[in-house]
Each structure stands twice: as C-alpha cells, then as structure tokens.
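target-v7.pdb (PDB, C-alpha atoms)
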MODEL        1
ATOM      1  CA  MET X  24       9.976  69.124  18.025
ATOM      2  CA  THR X  25       8.650  72.655  17.823
ATOM      3  CA  THR X  26      12.155  74.016  18.311
ATOM      4  CA  TRP X  27      13.938  72.059  15.573
ATOM      5  CA  TRP X  28      11.278  71.294  12.978
ATOM      6  CA  PRO X  29      11.689  74.715  11.268
ATOM      7  CA  TYR X  30      15.307  73.784  10.587
ATOM      8  CA  VAL X  31      14.237  70.441   9.116
ATOM      9  CA  ARG X  32      12.008  72.327   6.702
ATOM     10  CA  LEU X  33      14.682  74.854   5.767
ATOM     11  CA  ALA X  34      17.401  72.211   5.350
ATOM     12  CA  ALA X  35      15.117  70.148   3.105
ATOM     13  CA  ALA X  36      14.317  73.273   1.072
ATOM     14  CA  VAL X  37      18.045  73.922   0.521
ATOM     15  CA  LEU X  38      18.586  70.297  -0.518
ATOM     16  CA  GLY X  39      15.621  70.360  -2.894
ATOM     17  CA  LEU X  40      16.721  73.647  -4.458
ATOM     18  CA  ALA X  41      20.254  72.316  -4.939
ATOM     19  CA  ALA X  42      18.891  69.233  -6.716
ATOM     20  CA  ILE X  43      16.663  71.347  -8.975
ATOM     21  CA  ILE X  44      19.583  73.603  -9.912
ATOM     22  CA  ARG X  45      21.820  70.591 -10.504
ATOM     23  CA  GLN X  46      19.288  68.972 -12.833
ATOM     24  CA  LEU X  47      18.719  72.248 -14.698
ATOM     25  CA  THR X  48      22.485  72.572 -15.122
ATOM     26  CA  LEU X  49      22.654  69.085 -16.633
ATOM     27  CA  SER X  50      19.802  69.883 -19.032
ATOM     28  CA  LEU X  51      21.433  73.117 -20.150
ATOM     29  CA  GLY X  52      24.782  71.356 -20.541
ATOM     30  CA  ASN X  53      23.175  68.784 -22.825
ATOM     31  CA  ALA X  54      21.607  71.572 -24.887
ATOM     32  CA  LEU X  55      24.852  73.499 -25.234
ATOM     33  CA  SER X  56      26.720  70.394 -26.370
ATOM     34  CA  SER X  57      23.997  69.253 -28.779
ATOM     35  CA  GLU X  58      24.863  69.117 -32.475
ATOM     36  CA  THR X  59      21.254  69.517 -33.628
ATOM     37  CA  ALA X  60      19.166  72.679 -33.894
ATOM     38  CA  TRP X  61      16.312  71.174 -31.896
ATOM     39  CA  GLY X  62      18.585  69.740 -29.220
ATOM     40  CA  GLY X  63      20.337  73.053 -28.674
ATOM     41  CA  HIS X  64      17.245  75.253 -28.620
ATOM     42  CA  LEU X  65      17.561  76.669 -25.093
ATOM     43  CA  PRO X  66      14.062  78.206 -24.784
ATOM     44  CA  THR X  67      12.509  74.807 -25.537
ATOM     45  CA  VAL X  68      14.909  72.970 -23.215
ATOM     46  CA  ILE X  69      14.164  75.365 -20.348
ATOM     47  CA  ALA X  70      10.402  75.271 -20.983
ATOM     48  CA  ASN X  71      10.510  71.473 -21.085
ATOM     49  CA  PHE X  72      12.456  71.374 -17.827
ATOM     50  CA  PHE X  73       9.753  73.348 -16.060
ATOM     51  CA  SER X  74       7.055  71.194 -17.660
ATOM     52  CA  TYR X  75       7.933  68.127 -15.586
ATOM     53  CA  PHE X  76       5.457  67.485 -12.786
ATOM     54  CA  THR X  77       8.397  66.431 -10.629
ATOM     55  CA  ILE X  78      10.180  69.749 -11.074
ATOM     56  CA  LEU X  79       7.067  71.869 -10.544
ATOM     57  CA  SER X  80       6.135  69.852  -7.455
ATOM     58  CA  ASN X  81       9.628  70.203  -6.012
ATOM     59  CA  VAL X  82       9.651  73.955  -6.693
ATOM     60  CA  LEU X  83       6.338  74.251  -4.828
ATOM     61  CA  ALA X  84       7.695  72.063  -2.012
ATOM     62  CA  VAL X  85      10.784  74.268  -1.665
ATOM     63  CA  ILE X  86       8.594  77.382  -1.491
ATOM     64  CA  ALA X  87       6.231  75.776   1.033
ATOM     65  CA  LEU X  88       9.088  74.508   3.204
ATOM     66  CA  VAL X  89      10.836  77.891   3.242
ATOM     67  CA  ILE X  90       7.655  79.776   4.087
ATOM     68  CA  GLY X  91       6.609  77.144   6.638
ATOM     69  CA  GLY X  92      10.030  77.088   8.276
ATOM     70  CA  LEU X  93      10.311  80.875   8.492
ATOM     71  CA  TRP X  94       6.759  81.158   9.842
ATOM     72  CA  MET X  95       7.562  78.662  12.605
ATOM     73  CA  LEU X  96      10.711  80.598  13.531
ATOM     74  CA  ARG X  97       8.873  83.921  13.553
ATOM     75  CA  THR X  98       6.066  82.572  15.763
ATOM     76  CA  ARG X  99       8.152  80.181  17.893
ATOM     77  CA  ARG X 100       7.106  81.883  21.141
ATOM     78  CA  THR X 101       3.436  81.094  20.512
ATOM     79  CA  ALA X 102       1.442  77.874  20.215
ATOM     80  CA  GLU X 103      -0.910  79.087  17.502
ATOM     81  CA  ALA X 104      -1.747  76.778  14.620
ATOM     82  CA  GLU X 105      -0.445  77.621  11.180
ATOM     83  CA  PRO X 106      -2.721  79.944   9.157
ATOM     84  CA  ALA X 107      -5.172  78.329   6.752
ATOM     85  CA  TRP X 108      -3.357  79.580   3.648
ATOM     86  CA  LEU X 109      -0.088  78.012   4.819
ATOM     87  CA  ALA X 110      -1.820  74.774   5.788
ATOM     88  CA  THR X 111      -3.368  74.642   2.293
ATOM     89  CA  LEU X 112      -0.019  75.356   0.614
ATOM     90  CA  LEU X 113       1.698  72.623   2.618
ATOM     91  CA  ALA X 114      -1.152  70.172   1.970
ATOM     92  CA  CYS X 115      -0.932  70.732  -1.791
ATOM     93  CA  ALA X 116       2.878  70.492  -1.858
ATOM     94  CA  SER X 117       2.793  67.342   0.276
ATOM     95  CA  THR X 118       0.167  65.730  -1.940
ATOM     96  CA  TYR X 119       2.110  66.364  -5.139
ATOM     97  CA  MET X 120       5.411  65.213  -3.680
ATOM     98  CA  ILE X 121       3.987  62.022  -2.172
ATOM     99  CA  VAL X 122       2.342  61.202  -5.518
ATOM    100  CA  THR X 123       5.645  61.987  -7.273
ATOM    101  CA  GLY X 124       7.400  59.459  -5.058
ATOM    102  CA  ILE X 125       4.741  56.814  -5.662
ATOM    103  CA  VAL X 126       4.612  57.272  -9.459
ATOM    104  CA  TYR X 127       8.396  57.370  -9.788
ATOM    105  CA  ASN X 128       8.937  54.167  -7.840
ATOM    106  CA  LEU X 129       6.102  52.329  -9.599
ATOM    107  CA  LEU X 130       6.515  53.529 -13.194
ATOM    108  CA  LEU X 131       9.779  55.384 -13.756
ATOM    109  CA  ARG X 132      12.534  54.003 -11.527
ATOM    110  CA  ASN X 133      14.013  51.655 -14.145
ATOM    111  CA  ILE X 134      14.089  54.219 -16.956
ATOM    112  CA  PRO X 135      17.706  55.171 -17.882
ATOM    113  CA  LEU X 136      18.734  58.678 -16.819
ATOM    114  CA  ALA X 137      20.319  59.313 -20.249
ATOM    115  CA  GLY X 138      22.314  62.278 -19.002
ATOM    116  CA  ILE X 139      19.299  64.351 -17.947
ATOM    117  CA  SER X 140      19.923  63.672 -14.262
ATOM    118  CA  ASP X 141      22.309  61.868 -11.932
ATOM    119  CA  VAL X 142      21.704  59.455  -9.077
ATOM    120  CA  TRP X 143      21.723  61.857  -6.124
ATOM    121  CA  THR X 144      19.615  64.450  -7.970
ATOM    122  CA  ASN X 145      17.134  61.820  -9.069
ATOM    123  CA  GLU X 146      16.826  60.260  -5.628
ATOM    124  CA  THR X 147      16.588  63.635  -3.901
ATOM    125  CA  LEU X 148      13.747  64.891  -6.087
ATOM    126  CA  HIS X 149      11.849  61.601  -6.273
ATOM    127  CA  VAL X 150      12.500  59.971  -2.892
ATOM    128  CA  VAL X 151      14.094  62.212  -0.258
ATOM    129  CA  ILE X 152      11.876  65.298  -0.627
ATOM    130  CA  PRO X 153       8.685  63.169  -0.921
ATOM    131  CA  LEU X 154       9.653  61.430   2.337
ATOM    132  CA  VAL X 155      10.323  64.790   4.000
ATOM    133  CA  MET X 156       6.904  66.048   2.936
ATOM    134  CA  LEU X 157       5.259  62.853   4.216
ATOM    135  CA  ALA X 158       7.070  63.309   7.534
ATOM    136  CA  ASP X 159       5.882  66.919   7.611
ATOM    137  CA  VAL X 160       2.289  65.724   7.270
ATOM    138  CA  LEU X 161       2.711  63.169  10.045
ATOM    139  CA  PHE X 162       4.912  64.984  12.536
ATOM    140  CA  ALA X 163       5.229  68.741  11.953
ATOM    141  CA  PRO X 164       3.863  70.625  14.977
ATOM    142  CA  ARG X 165       1.121  73.247  15.040
ATOM    143  CA  ARG X 166      -0.807  71.883  12.071
ATOM    144  CA  ARG X 167      -4.205  73.339  11.288
ATOM    145  CA  ALA X 168      -7.257  71.207  10.543
ATOM    146  CA  LEU X 169      -8.508  72.067   7.051
ATOM    147  CA  PRO X 170     -12.060  71.460   5.827
ATOM    148  CA  ARG X 171     -12.564  68.226   3.897
ATOM    149  CA  GLY X 172     -13.173  70.209   0.735
ATOM    150  CA  ALA X 173      -9.550  71.367   0.806
ATOM    151  CA  MET X 174      -8.556  68.178  -0.993
ATOM    152  CA  LEU X 175     -10.382  69.483  -4.078
ATOM    153  CA  THR X 176      -8.014  72.449  -4.125
ATOM    154  CA  ALA X 177      -5.104  70.045  -4.450
ATOM    155  CA  VAL X 178      -6.637  68.511  -7.580
ATOM    156  CA  ILE X 179      -6.724  71.762  -9.572
ATOM    157  CA  PHE X 180      -3.037  71.979 -10.451
ATOM    158  CA  PRO X 181      -2.642  68.359 -11.701
ATOM    159  CA  ILE X 182      -5.678  68.792 -13.969
ATOM    160  CA  VAL X 183      -4.262  72.004 -15.442
ATOM    161  CA  TRP X 184      -0.825  70.404 -15.811
ATOM    162  CA  ALA X 185      -2.195  67.319 -17.613
ATOM    163  CA  ALA X 186      -4.211  69.464 -20.039
ATOM    164  CA  TYR X 187      -1.206  71.723 -20.673
ATOM    165  CA  THR X 188       1.066  68.742 -21.272
ATOM    166  CA  LEU X 189      -1.199  66.967 -23.746
ATOM    167  CA  ILE X 190      -1.992  70.151 -25.700
ATOM    168  CA  ARG X 191       1.602  71.421 -25.801
ATOM    169  CA  ALA X 192       3.204  68.092 -26.693
ATOM    170  CA  ASN X 193       2.493  68.151 -30.421
ATOM    171  CA  PHE X 194       3.817  71.682 -30.852
ATOM    172  CA  ILE X 195       7.285  70.790 -29.536
ATOM    173  CA  THR X 196      10.207  69.070 -31.232
ATOM    174  CA  SER X 197      11.860  66.667 -28.824
ATOM    175  CA  PRO X 198      15.399  67.899 -28.043
ATOM    176  CA  ALA X 199      16.616  64.343 -27.501
ATOM    177  CA  THR X 200      15.133  62.541 -30.524
ATOM    178  CA  GLY X 201      13.996  65.181 -33.013
ATOM    179  CA  ASN X 202      10.472  63.738 -32.985
ATOM    180  CA  PRO X 203       7.800  66.367 -33.723
ATOM    181  CA  TRP X 204       6.312  65.821 -30.267
ATOM    182  CA  TRP X 205       7.582  65.834 -26.691
ATOM    183  CA  TYR X 206       6.045  64.303 -23.575
ATOM    184  CA  PRO X 207       7.732  64.594 -20.169
ATOM    185  CA  TYR X 208       6.908  60.984 -19.222
ATOM    186  CA  PRO X 209       6.572  57.797 -21.291
ATOM    187  CA  PHE X 210       3.178  56.936 -19.821
ATOM    188  CA  LEU X 211       1.773  60.165 -21.307
ATOM    189  CA  ASP X 212       3.096  59.484 -24.817
ATOM    190  CA  PRO X 213       0.341  57.983 -27.023
ATOM    191  CA  HIS X 214       3.024  56.793 -29.457
ATOM    192  CA  LEU X 215       4.327  54.493 -26.710
ATOM    193  CA  GLN X 216       0.997  53.593 -25.134
ATOM    194  CA  GLY X 217      -0.860  52.447 -28.247
ATOM    195  CA  GLY X 218      -2.907  55.638 -28.541
ATOM    196  CA  TYR X 219      -4.685  58.032 -26.244
ATOM    197  CA  LEU X 220      -6.763  55.317 -24.554
ATOM    198  CA  GLY X 221      -3.630  53.989 -22.897
ATOM    199  CA  VAL X 222      -2.648  57.504 -21.848
ATOM    200  CA  ILE X 223      -6.114  58.188 -20.446
ATOM    201  CA  ALA X 224      -5.931  54.992 -18.389
ATOM    202  CA  TYR X 225      -2.693  56.195 -16.795
ATOM    203  CA  ILE X 226      -4.096  59.684 -16.209
ATOM    204  CA  LEU X 227      -7.189  58.276 -14.517
ATOM    205  CA  GLY X 228      -5.060  56.034 -12.339
ATOM    206  CA  ILE X 229      -2.830  58.918 -11.285
ATOM    207  CA  ALA X 230      -5.895  61.121 -10.722
ATOM    208  CA  VAL X 231      -7.276  58.522  -8.315
ATOM    209  CA  ALA X 232      -3.900  58.455  -6.548
ATOM    210  CA  ILE X 233      -3.842  62.259  -6.243
ATOM    211  CA  ILE X 234      -7.363  62.366  -4.811
ATOM    212  CA  ALA X 235      -6.565  59.533  -2.391
ATOM    213  CA  VAL X 236      -3.313  61.129  -1.215
ATOM    214  CA  ALA X 237      -4.953  64.557  -0.897
ATOM    215  CA  ALA X 238      -7.741  62.998   1.168
ATOM    216  CA  PHE X 239      -5.141  61.288   3.354
ATOM    217  CA  VAL X 240      -3.171  64.522   3.874
ATOM    218  CA  VAL X 241      -6.293  66.478   4.804
ATOM    219  CA  TRP X 242      -7.533  63.653   7.058
ATOM    220  CA  VAL X 243      -4.237  63.498   8.932
ATOM    221  CA  GLY X 244      -4.256  67.276   9.286
ATOM    222  CA  ARG X 245      -7.763  67.194  10.668
ATOM    223  CA  ARG X 246      -6.903  64.462  13.165
ATOM    224  CA  ARG X 247      -3.727  66.168  14.308
ATOM    225  CA  GLY X 248      -5.377  69.588  14.377
ATOM    226  CA  ALA X 249      -8.263  68.210  16.405
ATOM    227  CA  SER X 250      -5.873  66.537  18.847
ATOM    228  CA  ARG X 251      -4.276  69.880  19.579
TER     229      ARG X 251
ENDMDL
END

As a first step, turn the structure in this file into structure tokens.
Amino acid sequence: MTTWWPYVRLAAAVLGLAAIIRQLTLSLGNALSSETAWGGHLPTVIANFFSYFTILSNVLAVIALVIGGLWMLRTRRTAEAEPAWLATLLACASTYMIVTGIVYNLLLRNIPLAGISDVWTNETLHVVIPLVMLADVLFAPRRRALPRGAMLTAVIFPIVWAAYTLIRANFITSPATGNPWWYPYPFLDPHLQGGYLGVIAYILGIAVAIIAVAAFVVWVGRRRGASR
C-alpha cells in the first residue's frame, strides 16, 4: 500500500480539480449568458462560487492530497510518519469532506441542479472525493497520531465560514433570482427556514457533526499511529 497510495492521492486530486474547474466553467457560462445585470456580474458570481463550503473543502482536499502524495513519493524509501503539519492538514480536509458528503446526502441530494452543476461534477465533489478522504483516514500508510486537541483546529474554519456567510448574505444580490440576499445553501436562508432560529438549529446540528467527525478522524489517526 505504501507504494501505490501516493498515486491514489494524486489521481483523486486531479479528479477533484477537474470537477471544480468544470463547475466554475458552468457558473461562468450561466453568468455570461444571463440577461440581467445581477446575473451577469462576474465578480459576484466568482465570489459566490468560492463561498460554497463544498468548493472550499474540495480545494483544501486537492491541496492536501497533492502535498500528501508528493511527500509520500519523496520519502518512499523511509518508514517515517507524516509530519504533524501534514497530518493536521489531512485531518482537517478529511473532516470537511466527510461532513460535506453527509450533509449533501441528507439535506441537498434532491435539490435540482438548475444548471449550476452536472451529475458527474456533483457526485465527484459530494460523494467520490469524500469517500476518498474517508479511505485516506482509514487506510493511508504512515499516519501520525495527533493530540486529541487537534480536533479543535478543525472547527475553526467552519465557524469562520458560517459567520462570513451569514454576514455577507444580505449585501449580495442573488444572480439567479435577483433577491437582495444570497445564501449558498437553502438551510442557511432564514427566508426559507422561518427565520434565524431555523437556521441556527441547522448550524448547531452541522457543528455537532463537524466536531463528531473531527473527533473520529483524530481518534482513528491516534489508533493507527499507535499501532505503528
């Protein structure tokens, strides 16, 4: 496994990057063909694209997989465990991608794509890459055992992202509808959830999921690191 796992990481990174580029291309195509000023405003469309938790998580996963794969190739003649910074990067990327897969399949799978994605892009970003990152947690060789407190590091980005999303939303005109607000996901939109109490309930539920998944990722890393 030590000999071929770097190539699994690198191949998954290429697939993830291709899906991100494909989805960005679709978003830009929609903007360029839009007949409204707000729908064709490219800076907003691009900023919105990189405001999706799914996209940011996949970008981080691609970076982590490339770095992790190249590190394994460079050090393939040794049996040393991955450095702590790489283990932390992989743990965070794995946590976000596993949560992305869970949230998508529980809350978002039946939402129409409406031209913002296609089937293979959607499944790659929400199912395939999350499964790869889960497999990386369970099977990738030379994992390092992180301290239990490392799971708190994984919580920082989702908190910042949620605050950014809720603050930014009311300063943006939705490219698709022209509404004077834009939320990346329906469960974050207070206009659809009966107010902010409904949104907060979803955020708390997802926060619990993130903490639980981060704890699981760190626990598995500690068990596998200890077994080495």

So the first atom is atom CA of X:Ser74 and the second is atom CA of X:Pro207; what is the distance between them in Å, to one decimal place?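 Between atom CA of X:Ser74 and atom CA of X:Pro207 the gap works out to 7.1 Å.
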
Since I can't run it myself right now, could you work out what the PyMOL selection byres ((chain X and resi 175) around 12) selects here and report it as a VMD selection string? chain X and resid 111 114 to 115 118 169 to 174 176 to 182 230 233 to 238 240 to 241

To verify the selection step, state as a VMD selection string which residues the PyMOL selection byres ((chain X and resi 120-130) around 6) yields on this input. chain X and resid 117 to 119 131 to 132 149 to 150 153

Those selected residues, please, written with C-alpha atoms and delivered as a short mmCIF file (atom, residue, chain, number, x, y, z; two decimals), keeping the file's coordinate frame.
data_model
loop_
_atom_site.label_atom_id
_atom_site.label_comp_id
_atom_site.auth_asym_id
_atom_site.auth_seq_id
_atom_site.Cartn_x
_atom_site.Cartn_y
_atom_site.Cartn_z
CA SER X 117 2.79 67.34 0.28
CA THR X 118 0.17 65.73 -1.94
CA TYR X 119 2.11 66.36 -5.14
CA LEU X 131 9.78 55.38 -13.76
CA ARG X 132 12.53 54.00 -11.53
CA HIS X 149 11.85 61.60 -6.27
CA VAL X 150 12.50 59.97 -2.89
CA PRO X 153 8.68 63.17 -0.92
#

When you draw a straight line from atom CA of X:Leu113 to atom CA of X:Phe73, how long is it in Å?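 Computing the Euclidean distance for atom CA of X:Leu113 and atom CA of X:Phe73 yields 20.4 Å.
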
X:Phe162: which residues within 12 Å, counting all atoms listed in the file, same-chain residues fewer than 5 positions away excluded, as a list of chain:residue names? X:Met24, X:Thr25, X:Trp27, X:Trp28, X:Pro29, X:Val31, X:Arg32, X:Leu154, X:Val155, X:Met156, X:Leu157, X:Val240, X:Val243, X:Gly244, X:Arg246, X:Arg247, X:Gly248

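Run against this file, the PyMOL selection byres ((chain X and resi 46-51) around 9) gives back Ala41, Ala42, Ile43, Ile44, Arg45, Gly52, Asn53, Ala54, Leu55, Ser56, Gly63, Leu65, Val68, Ile69, Phe72, Gly138, Ile139, Ser140, Asp141, Thr144 and Asn145 of chain X.
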
Store the residues picked out above in a file with C-alpha atoms, as a CSV table (one decimal), in the frame of the given file.
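Everything below was put into again.csv:
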chain,number,residue,atom,x,y,z
X,41,ALA,CA,20.3,72.3,-4.9
X,42,ALA,CA,18.9,69.2,-6.7
X,43,ILE,CA,16.7,71.3,-9.0
X,44,ILE,CA,19.6,73.6,-9.9
X,45,ARG,CA,21.8,70.6,-10.5
X,52,GLY,CA,24.8,71.4,-20.5
X,53,ASN,CA,23.2,68.8,-22.8
X,54,ALA,CA,21.6,71.6,-24.9
X,55,LEU,CA,24.9,73.5,-25.2
X,56,SER,CA,26.7,70.4,-26.4
X,63,GLY,CA,20.3,73.1,-28.7
X,65,LEU,CA,17.6,76.7,-25.1
X,68,VAL,CA,14.9,73.0,-23.2
X,69,ILE,CA,14.2,75.4,-20.3
X,72,PHE,CA,12.5,71.4,-17.8
X,138,GLY,CA,22.3,62.3,-19.0
X,139,ILE,CA,19.3,64.4,-17.9
X,140,SER,CA,19.9,63.7,-14.3
X,141,ASP,CA,22.3,61.9,-11.9
X,144,THR,CA,19.6,64.4,-8.0
X,145,ASN,CA,17.1,61.8,-9.1

Provide the atom CA of X:Ala186 to atom CA of X:Leu40 distance in Å, to one decimal place. 26.4 Å

Using all atoms listed in the file, which residue out of X:Tyr225, X:Ser57, X:Asp159, X:Arg245 lies closest to X:Leu33?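 Answer, going by the shortest atom-to-atom distance: X:Asp159.
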
Excluding X:Pro203 and residues on its chain fewer than 6 positions from it, collect all residues at most 10 Å away from it, counting only C-alpha atoms, and give them as a ChimeraX atom specification. /X:61,192-197

Using all atoms listed in the file, the residue out of X:Leu112, X:Ala60, X:Val89, X:Leu189 with shortest distance to X:Trp205 is X:Leu189

From the options X:Pro66, X:Ile78, X:Ala35, X:Trp143, which residue's atoms come nearest to X:Ala158, counting all atoms listed in the file? X:Ala35
